[in-house]
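Reproduced below: protein-v2.txt, with compact mmCIF, C-alpha atoms.
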```txt
# COMPACT_ATOMS: atom_id res chain seq x y z
CA MET L 1 38.33 40.10 76.94
CA ASP L 2 39.99 40.96 73.66
CA ARG L 3 38.69 39.59 70.38
CA LEU L 4 40.87 38.06 67.70
CA PRO L 5 41.55 40.68 65.01
CA PRO L 6 39.83 40.03 61.67
CA GLU L 7 43.11 39.57 59.80
CA THR L 8 43.71 36.42 61.88
CA PHE L 9 41.27 34.49 59.73
CA ARG L 10 42.64 35.26 56.26
CA LEU L 11 39.15 35.33 54.85
CA PRO L 12 38.46 34.79 51.12
CA VAL L 13 36.67 38.13 51.14
CA ASP L 14 35.71 38.36 47.47
CA LYS L 15 34.08 34.92 47.47
CA LEU L 16 32.26 35.54 50.76
CA ARG L 17 30.91 38.84 49.49
CA ALA L 18 29.74 37.14 46.31
CA GLY L 19 27.89 34.42 48.24
CA TYR L 20 30.12 31.62 46.93
CA TYR L 21 29.90 29.74 50.25
CA SER L 22 26.30 30.73 51.02
CA ASP L 23 23.03 28.89 50.55
CA ALA L 24 21.62 30.02 47.23
CA TYR L 25 18.37 31.26 48.75
CA PHE L 26 20.28 33.86 50.75
CA THR L 27 22.13 35.19 47.73
CA SER L 28 18.82 35.24 45.84
CA THR L 29 17.23 37.16 48.70
CA LYS L 30 19.99 39.76 48.61
CA GLY L 31 19.70 40.12 44.85
CA LEU L 32 15.93 40.53 44.99
CA LEU L 33 15.98 43.12 47.79
CA GLU L 34 18.55 45.18 45.93
CA ALA L 35 16.70 44.90 42.60
CA GLU L 36 13.41 45.95 44.21
CA GLY L 37 15.01 48.75 46.21
CA ARG L 38 13.75 47.29 49.49
CA HIS L 39 15.74 48.08 52.63
CA PRO L 40 13.97 46.45 55.60
CA ARG L 41 15.64 47.29 58.88
CA VAL L 42 15.62 44.04 60.81
CA VAL L 43 16.88 42.57 64.06
CA LEU L 44 18.35 39.10 63.58
CA GLN L 45 19.29 36.86 66.51
CA ALA L 46 21.45 33.71 66.32
CA PHE L 47 21.22 30.89 68.87
CA GLN L 48 21.65 27.15 69.38
CA LYS L 49 19.85 24.48 71.42
CA GLN L 50 22.34 22.97 73.90
CA ASP L 51 24.38 23.86 76.94
CA ALA L 52 27.73 24.67 75.38
CA LEU L 53 30.70 27.00 75.10
CA LEU L 54 30.52 29.59 72.36
CA GLY L 55 33.14 29.25 69.67
CA GLY L 56 33.68 30.93 66.31
CA ILE L 57 32.12 34.24 67.29
CA ASP L 58 35.22 36.31 66.52
CA GLU L 59 35.48 34.75 63.07
CA ALA L 60 31.76 35.38 62.50
CA LEU L 61 32.26 39.04 63.42
CA ALA L 62 35.24 39.29 61.08
CA ILE L 63 33.08 37.94 58.26
CA LEU L 64 30.44 40.55 59.02
CA ARG L 65 32.97 43.37 59.23
CA ASP L 66 34.71 42.61 55.96
CA CYS L 67 31.90 41.12 53.88
CA ALA L 68 28.66 42.94 54.76
CA GLY L 69 27.63 45.52 52.20
CA ARG L 70 26.72 45.75 48.52
CA VAL L 71 28.24 46.53 45.16
CA GLY L 72 28.20 50.28 44.46
CA PRO L 73 29.31 52.49 41.57
CA HIS L 74 32.91 52.30 42.69
CA GLY L 75 33.08 48.69 43.87
CA TRP L 76 32.15 47.17 47.19
CA ASP L 77 30.48 49.53 49.66
CA ARG L 78 31.11 48.11 53.12
CA GLY L 79 28.05 47.75 55.29
CA TRP L 80 29.61 47.21 58.72
CA ASP L 81 29.32 50.85 59.80
CA ALA L 82 25.60 50.81 59.05
CA LEU L 83 24.96 47.81 61.34
CA GLU L 84 24.56 47.59 65.09
CA VAL L 85 26.14 44.30 66.18
CA ARG L 86 26.08 42.80 69.65
CA ALA L 87 27.71 39.50 70.64
CA LEU L 88 29.04 37.28 73.38
CA PHE L 89 32.72 36.30 73.59
CA GLU L 90 34.76 33.23 72.69
CA GLY L 91 34.42 30.58 75.39
CA ASP L 92 31.31 32.06 77.02
CA GLU L 93 29.01 29.46 78.53
CA ILE L 94 25.69 29.47 76.70
CA VAL L 95 22.31 27.83 77.21
CA PRO L 96 19.66 26.64 74.74
CA ARG L 97 18.01 29.36 72.66
CA GLU L 98 20.12 32.13 74.18
CA PRO L 99 21.09 34.77 71.59
CA VAL L 100 24.83 34.80 71.05
CA LEU L 101 24.81 37.32 68.20
CA GLN L 102 22.37 40.08 67.31
CA ILE L 103 22.54 42.14 64.13
CA ALA L 104 20.38 45.21 63.56
CA GLY L 105 20.28 47.03 60.25
CA ASP L 106 19.40 46.82 56.56
CA TYR L 107 18.85 43.10 55.91
CA GLY L 108 20.17 43.38 52.38
CA LEU L 109 23.61 44.30 53.71
CA PHE L 110 24.21 40.99 55.47
CA CYS L 111 21.60 38.35 54.58
CA HIS L 112 24.08 36.66 52.21
CA LEU L 113 26.38 35.89 55.17
CA GLU L 114 23.99 33.92 57.37
CA THR L 115 25.15 30.52 56.12
CA VAL L 116 28.84 31.07 56.78
CA ILE L 117 28.32 32.84 60.10
CA LEU L 118 26.14 30.07 61.50
CA GLY L 119 28.39 27.34 60.11
CA THR L 120 31.47 28.92 61.66
CA MET L 121 29.90 29.11 65.09
CA ALA L 122 28.43 25.61 64.80
CA ARG L 123 31.80 24.01 64.07
CA ARG L 124 33.87 25.84 66.67
CA THR L 125 31.19 25.54 69.37
CA LEU L 126 31.00 21.78 68.77
CA VAL L 127 34.76 21.45 69.31
CA MET L 128 34.70 23.70 72.38
CA ARG L 129 31.86 21.80 74.00
CA ASN L 130 33.48 18.42 73.35
CA VAL L 131 36.89 19.53 74.61
CA ARG L 132 35.47 21.14 77.74
CA GLU L 133 33.59 17.91 78.49
CA VAL L 134 36.75 15.79 78.41
CA VAL L 135 38.73 18.45 80.31
CA GLU L 136 36.17 18.33 83.11
CA ALA L 137 36.07 14.52 82.99
CA ALA L 138 39.86 14.40 83.39
CA ARG L 139 39.70 16.39 86.65
CA GLY L 140 42.56 18.68 85.83
CA LYS L 141 44.80 16.20 84.05
CA PRO L 142 46.15 17.44 80.70
CA ILE L 143 44.16 16.79 77.55
CA LEU L 144 46.15 16.51 74.33
CA TYR L 145 44.07 17.43 71.27
CA PHE L 146 44.84 14.83 68.57
CA PRO L 147 42.04 14.75 65.93
CA ALA L 148 43.96 16.32 63.03
CA ARG L 149 44.15 13.06 61.09
CA HIS L 150 40.41 12.54 61.35
CA ASP L 151 39.27 15.62 59.45
CA HIS L 152 40.10 17.94 56.57
CA TRP L 153 43.24 20.00 57.03
CA LEU L 154 41.46 23.29 56.35
CA VAL L 155 39.60 23.14 59.68
CA GLN L 156 42.75 22.85 61.80
CA THR L 157 43.42 26.49 62.60
CA GLY L 158 40.04 27.38 64.04
CA ASP L 159 39.49 23.99 65.66
CA GLY L 160 42.84 24.22 67.41
CA TRP L 161 41.95 27.65 68.75
CA ALA L 162 38.60 26.35 69.99
CA ALA L 163 40.32 23.44 71.75
CA HIS L 164 42.81 25.84 73.34
CA VAL L 165 40.09 28.13 74.67
CA ALA L 166 38.18 25.13 76.02
CA GLY L 167 41.17 23.90 78.02
CA ALA L 168 43.27 21.50 75.94
CA ILE L 169 46.93 21.95 76.94
CA GLY L 170 48.43 20.84 73.65
CA VAL L 171 47.59 20.38 69.97
CA SER L 172 49.42 18.28 67.42
CA THR L 173 49.96 20.65 64.47
CA ASP L 174 51.45 24.11 64.10
CA ALA L 175 48.29 25.19 62.27
CA GLN L 176 46.13 24.30 65.25
CA ALA L 177 48.36 26.42 67.51
CA SER L 178 48.86 29.34 65.14
CA TRP L 179 46.18 31.71 66.43
CA TRP L 180 47.80 31.99 69.85
CA GLY L 181 51.39 31.78 68.62
CA GLY L 182 52.06 28.22 69.81
CA ARG L 183 53.28 25.13 68.00
CA GLY L 184 52.28 21.51 67.64
CA ILE L 185 53.51 18.86 70.04
CA GLY L 186 53.65 15.10 69.68
CA THR L 187 55.12 11.78 70.66
CA VAL L 188 57.66 9.46 69.07
CA PRO L 189 55.37 7.96 66.40
CA HIS L 190 55.05 4.45 65.05
CA GLY L 191 56.37 5.63 61.70
CA LEU L 192 59.68 6.71 63.23
CA ILE L 193 59.95 3.42 65.10
CA ALA L 194 59.41 1.63 61.78
CA ALA L 195 62.13 3.78 60.20
CA TYR L 196 64.51 2.44 62.87
CA GLY L 197 63.67 -1.14 62.00
CA GLY L 198 61.01 -1.53 64.68
CA ASP L 199 63.47 -0.65 67.46
CA THR L 200 61.56 1.67 69.79
CA VAL L 201 64.60 2.39 71.96
CA ALA L 202 66.74 3.39 68.98
CA ALA L 203 64.03 5.67 67.63
CA ALA L 204 63.47 7.20 71.06
CA ARG L 205 67.19 7.83 71.55
CA ALA L 206 67.44 9.58 68.20
CA PHE L 207 64.33 11.64 68.83
CA ALA L 208 65.44 12.70 72.31
CA GLY L 209 68.91 13.54 71.07
CA ARG L 210 67.47 16.04 68.63
CA PHE L 211 64.34 17.37 70.34
CA ALA L 212 64.62 16.89 74.13
CA ARG L 213 65.59 20.54 74.65
CA ASP L 214 62.50 21.76 72.81
CA THR L 215 59.71 19.41 73.83
CA ASN L 216 58.57 16.91 76.45
CA VAL L 217 59.72 13.60 74.97
CA THR L 218 56.92 11.05 75.08
CA VAL L 219 57.30 7.65 73.47
CA LEU L 220 54.70 5.21 72.14
CA VAL L 221 55.43 1.83 73.73
CA ASP L 222 53.00 -0.55 71.99
CA TRP L 223 55.02 -1.42 68.87
CA ASP L 224 55.85 -4.93 70.14
CA ASN L 225 52.60 -5.23 72.09
CA ASP L 226 54.76 -5.29 75.22
CA SER L 227 54.04 -2.00 76.94
CA VAL L 228 55.75 -2.94 80.20
CA GLY L 229 58.94 -4.22 78.61
CA THR L 230 59.18 -1.36 76.13
CA ALA L 231 58.38 1.31 78.71
CA LEU L 232 61.13 0.02 80.99
CA ALA L 233 63.65 -0.20 78.15
CA VAL L 234 62.89 3.35 77.01
CA ALA L 235 63.06 4.71 80.56
CA GLU L 236 66.45 3.09 81.13
CA ALA L 237 67.81 4.35 77.79
CA LEU L 238 66.61 7.96 77.99
CA GLY L 239 66.85 8.69 81.69
CA ASP L 240 65.96 12.30 82.48
CA ASP L 241 65.24 13.04 78.81
CA LEU L 242 62.05 10.95 78.99
CA TRP L 243 58.93 12.85 80.03
CA GLY L 244 56.42 10.07 79.51
CA VAL L 245 55.29 6.92 77.74
CA ARG L 246 52.13 6.69 75.72
CA LEU L 247 49.93 3.60 75.84
CA ASP L 248 48.07 3.08 72.55
CA THR L 249 47.42 -0.68 72.36
CA SER L 250 44.92 -1.64 69.65
CA GLU L 251 41.42 -2.44 70.88
CA ALA L 252 41.80 -5.76 69.02
CA LEU L 253 44.83 -6.88 71.06
CA VAL L 254 45.64 -7.97 74.59
CA ASP L 255 49.00 -6.58 75.68
CA ARG L 256 51.64 -9.20 76.47
CA ALA L 257 51.62 -8.14 80.13
CA LEU L 258 47.98 -9.20 80.44
CA GLU L 259 48.04 -12.44 78.49
CA GLY L 260 46.49 -15.16 80.58
CA VAL L 261 44.93 -12.66 82.96
CA GLU L 262 41.19 -13.05 83.33
CA ALA L 263 39.38 -9.99 81.98
CA VAL L 264 37.61 -7.88 84.58
CA ASP L 265 34.70 -7.54 82.18
CA ARG L 266 33.92 -8.42 78.60
CA ASP L 267 36.93 -7.41 76.50
CA GLY L 268 38.26 -5.65 79.59
CA SER L 269 41.78 -6.85 78.87
CA ARG L 270 41.93 -5.52 75.30
CA GLY L 271 43.36 -2.21 74.21
CA VAL L 272 44.34 0.45 76.73
CA ASN L 273 42.52 -0.54 79.89
CA ALA L 274 42.80 0.14 83.60
CA ARG L 275 44.68 -3.04 84.37
CA LEU L 276 47.30 -2.35 81.71
CA VAL L 277 47.87 1.21 82.95
CA ARG L 278 48.29 -0.01 86.53
CA THR L 279 50.66 -2.77 85.42
CA VAL L 280 52.87 -0.31 83.54
CA ARG L 281 52.77 2.17 86.43
CA ASP L 282 53.77 -0.48 88.96
CA ALA L 283 56.63 -1.69 86.74
CA LEU L 284 57.99 1.83 86.23
CA ASP L 285 57.78 2.63 89.94
CA ALA L 286 59.46 -0.63 90.94
CA ALA L 287 62.34 0.11 88.57
CA GLY L 288 62.86 3.60 89.99
CA HIS L 289 61.11 5.51 87.19
CA GLY L 290 58.30 7.03 89.22
CA ARG L 291 58.72 10.43 87.55
CA VAL L 292 57.87 8.99 84.07
CA ARG L 293 54.32 9.96 83.16
CA ILE L 294 51.74 7.78 81.45
CA VAL L 295 49.68 9.16 78.58
CA ALA L 296 46.65 7.07 77.61
CA SER L 297 45.21 7.24 74.09
CA GLY L 298 43.15 5.19 71.69
CA GLY L 299 39.37 5.62 71.60
CA PHE L 300 39.02 7.90 74.60
CA ASP L 301 36.03 10.16 75.06
CA ALA L 302 34.47 11.91 78.06
CA GLU L 303 32.57 8.84 79.24
CA ARG L 304 35.63 6.62 79.18
CA ILE L 305 37.81 9.23 80.89
CA ARG L 306 35.20 9.64 83.62
CA ALA L 307 35.28 5.88 84.18
CA PHE L 308 39.09 5.89 84.44
CA GLU L 309 39.07 8.79 86.89
CA ALA L 310 36.34 7.24 89.02
CA ALA L 311 38.48 4.10 89.26
CA THR L 312 41.60 6.20 90.07
CA VAL L 313 43.53 4.73 87.16
CA PRO L 314 47.04 6.26 87.30
CA VAL L 315 46.93 8.16 84.02
CA ASP L 316 48.79 11.48 83.90
CA ALA L 317 47.40 12.80 80.61
CA TYR L 318 44.93 11.74 77.93
CA GLY L 319 45.38 11.93 74.18
CA VAL L 320 41.93 12.36 72.62
CA GLY L 321 41.18 12.29 68.90
CA SER L 322 38.10 11.77 66.78
CA SER L 323 35.52 12.04 69.59
CA LEU L 324 36.33 15.75 69.89
CA ILE L 325 35.03 16.55 66.39
CA ARG L 326 31.95 14.32 66.41
CA GLY L 327 28.37 15.21 67.29
CA GLN L 328 26.30 18.25 66.48
CA ASN L 329 25.85 21.75 67.78
CA ASP L 330 23.79 23.54 65.14
CA PHE L 331 23.01 27.24 65.14
CA THR L 332 19.90 28.97 63.84
CA ALA L 333 19.17 32.62 63.14
CA ASP L 334 15.79 34.33 63.07
CA VAL L 335 14.65 37.72 61.95
CA VAL L 336 12.61 38.78 64.99
CA ARG L 337 11.89 42.45 64.25
CA VAL L 338 11.28 44.40 61.02
CA ASP L 339 11.17 48.18 60.83
CA GLY L 340 10.72 48.45 64.58
CA ARG L 341 7.88 45.96 65.04
CA PRO L 342 7.94 42.30 66.15
CA CYS L 343 8.06 40.03 63.12
CA ALA L 344 9.04 36.36 63.44
CA LYS L 345 7.76 33.02 62.23
CA ALA L 346 5.32 31.11 64.42
CA GLY L 347 6.98 29.60 67.47
CA ARG L 348 9.86 32.07 67.43
CA GLY L 349 10.28 35.56 68.76
CA GLU L 350 12.76 38.03 70.10
CA GLN L 351 14.75 36.77 73.08
CA SER L 352 16.45 38.79 75.79
CA ALA L 353 19.90 39.90 74.65
CA GLU L 354 21.08 41.52 77.89
CA ARG L 355 24.35 39.56 77.97
CA LEU L 356 25.45 40.72 74.54
CA THR L 357 28.14 43.37 74.20
CA ARG L 358 28.18 46.02 71.49
CA VAL L 359 30.90 45.28 68.93
CA ARG L 360 32.70 48.41 67.78
```

Final structure tokens representation of the file:
Amino acid sequence: MDRLPPETFRLPVDKLRAGYYSDAYFTSTKGLLEAEGRHPRVVLQAFQKQDALLGGIDEALAILRDCAGRVGPHGWDRGWDALEVRALFEGDEIVPREPVLQIAGDYGLFCHLETVILGTMARRTLVMRNVREVVEAARGKPILYFPARHDHWLVQTGDGWAAHVAGAIGVSTDAQASWWGGRGIGTVPHGLIAAYGGDTVAAARAFAGRFARDTNVTVLVDWDNDSVGTALAVAEALGDDLWGVRLDTSEALVDRALEGVEAVDRDGSRGVNARLVRTVRDALDAAGHGRVRIVASGGFDAERIRAFEAATVPVDAYGVGSSLIRGQNDFTADVVRVDGRPCAKAGRGEQSAERLTRVR
């Protein structure tokens, strides 16, 4: 498969070369090796400790290509051509302790980049693994990637790419979609409904009138805590312009349609639950709106989606947010060979790198 070209990432090259984003002990190591005139030829292998999908490798390679090297008499002398680099690809399935990146060459040319390379892969791999987990839990139903509001805006571009590779069918910001030339998608939001005086139908009509040709119009229907009534009103008003309704009832509330209904389990009637989805689906079907899809959102993760699918809850798509950027998937790198001989700290050693491909 093709790799993303280095210019995709718009790297702050000068700061990366200077070690601005690196752990100080790596920049100190580089400075000492250069001052002492030491040029150990090492083999460094990077790995992590979970079953996962590899993300961030193309960005890591771009960092190496543009930022390995040292300051020479005439400025920065690039070190990429002096390194032998082997790597897996974006989206490759990986297992614990499997090398995903191997760098051979003068350690002083690239030791200052270990922090940013490992951090890049850790972040993107975390997102990929989380997204793939919910994609598999949903059994082929679309996953909409909606965590932009839960994290710093600077992570959006790479995270969106990772979600895309892992199987999410839509992201919510243009930045998240930029690396594959897409654009953000979304639903009629609560803010727009508020701008129309709390009238969901009026907001939906206005939205559809302007955007129905460009996007699948999906409308939040929990403003009045009456998902059935609002879904029916929106479906009648928009007709064929309505793609779907989105259920997003607060976990603190019981939707009006379920008031007085005995909960199937503790708090089972609160928020977006199986009974609410079925009630909305039945009401739409009975009114002749069987083609209107239901998007479920609000606190969904892989475990909850699996439970919905096991119970055959009639959800057509899931909007998933903060759970997709939580957890950990840390990477480590070890020098495993120096000047042609095995050299690694106790408990570590060189691992088979047969799956890695030479990066030109």

Which of L:Asp285, L:Asp241, L:Glu236, L:Asp224 sits closest to L:Ala206 [using all atoms listed in the file]: L:Asp241

Need the shell around L:Ser22: protein/DNA/RNA residues with any atom at most 10 Å away, counting only C-alpha atoms. Skip same-chain ones fewer than 3 positions apart. Format as a JSON list (two decimals) with C-alpha atoms, keeping the file's coordinate frame?
```
[["chain", "number", "residue", "atom", "x", "y", "z"],
["L", 15, "LYS", "CA", 34.08, 34.92, 47.47],
["L", 16, "LEU", "CA", 32.26, 35.54, 50.76],
["L", 17, "ARG", "CA", 30.91, 38.84, 49.49],
["L", 18, "ALA", "CA", 29.74, 37.14, 46.31],
["L", 19, "GLY", "CA", 27.89, 34.42, 48.24],
["L", 25, "TYR", "CA", 18.37, 31.26, 48.75],
["L", 26, "PHE", "CA", 20.28, 33.86, 50.75],
["L", 27, "THR", "CA", 22.13, 35.19, 47.73],
["L", 111, "CYS", "CA", 21.60, 38.35, 54.58],
["L", 112, "HIS", "CA", 24.08, 36.66, 52.21],
["L", 113, "LEU", "CA", 26.38, 35.89, 55.17],
["L", 114, "GLU", "CA", 23.99, 33.92, 57.37],
["L", 115, "THR", "CA", 25.15, 30.52, 56.12],
["L", 116, "VAL", "CA", 28.84, 31.07, 56.78],
["L", 117, "ILE", "CA", 28.32, 32.84, 60.10],
["L", 119, "GLY", "CA", 28.39, 27.34, 60.11]]
```

What's the separation between atom CA of L:Ala317 and atom CA of L:Val234, in Å to one decimal place?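 Calculated distance between atom CA of L:Ala317 and atom CA of L:Val234 is 18.5 Å.
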
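Each of L:Trp161, L:Ala166, L:Trp80, L:Gly31 was compared to L:Glu93 using only C-alpha atoms, and L:Ala166 turns out to be the nearest.
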
Could you produce a table of the residues of stretch 123-147 of chain L lying within 10 Å of stretch 304-307 of chain L, with the nearest pair of atoms per residue and their separation in Å rounded to one decimal, using all atoms listed in the file, ordered by chain and increasing residue number, as CSV?
```
residue,atom,partner,partner_atom,distance
L:Glu133,CA,L:Arg306,CA,9.9
L:Val134,CA,L:Ile305,CA,7.1
L:Val135,CA,L:Ile305,CA,9.3
L:Glu136,CA,L:Arg306,CA,8.8
L:Ala137,CA,L:Arg306,CA,5.0
L:Ala138,CA,L:Ile305,CA,6.1
L:Arg139,CA,L:Arg306,CA,8.7
```

Between L:Pro96, L:Gly184, L:Gly56, L:Gly170, single out the one closest to L:Met121, counting only C-alpha atoms. L:Gly56

Between L:Glu309, L:Asp77, L:Asp159, L:Glu303, single out the one closest to L:Ala274, counting all atoms listed in the file.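 Selected residue with least distance to L:Ala274: L:Glu309.
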
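Restricting the calculation to all atoms listed in the file, the smallest distance between L:Ala87 and any of L:Asp151, L:Asp330, L:Asp66, L:Glu59 is found for L:Glu59.
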
Near L:Asp92, counting only C-alpha atoms, which residues have an atom at most 7 Å away, once you skip same-chain residues fewer than 4 positions from it, shown as a PyMOL selection string? chain L and resi 53-54+88

Which one of L:Glu90, L:Asp2, L:Asp106, L:Glu259 sits closest to L:Arg337 if you count all atoms listed in the file?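 Of L:Glu90, L:Asp2, L:Asp106, L:Glu259, the one nearest L:Arg337, counting all atoms listed in the file, is L:Asp106.
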
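Residues lying within 12 Å of L:Pro40, counting all atoms listed in the file and ignoring same-chain neighbours fewer than 3 positions away, are Lys30, Leu33, Glu34, Glu36, Gly37, Val43, Leu44, Ala104, Gly105, Asp106, Tyr107, Gly108, Leu109, Phe110, Cys111, Val335, Arg337, Val338, Asp339, Gly340, Arg341 and Cys343 of chain L.
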
Quick one: everything within 10 Å of L:Gly198, counting only C-alpha atoms, minus sequence neighbours fewer than 6 positions away in the same chain. Send it as a list in words. His190, Gly191, Leu192, Trp223 and Asp224 of chain L

Please tabulate, as JSON lines, the residues of stretch 110-200 of chain L that come within 7 Å of stretch 216-220 of chain L, each with its closest pair of atoms and the distance in Å to one decimal, counting only C-alpha atoms and ordering rows by chain, then residue number upward.
```
{"residue": "L:Thr187", "atom": "CA", "partner": "L:Thr218", "partner_atom": "CA", "distance": 4.8}
{"residue": "L:Val188", "atom": "CA", "partner": "L:Val219", "partner_atom": "CA", "distance": 4.8}
{"residue": "L:Pro189", "atom": "CA", "partner": "L:Leu220", "partner_atom": "CA", "distance": 6.4}
```
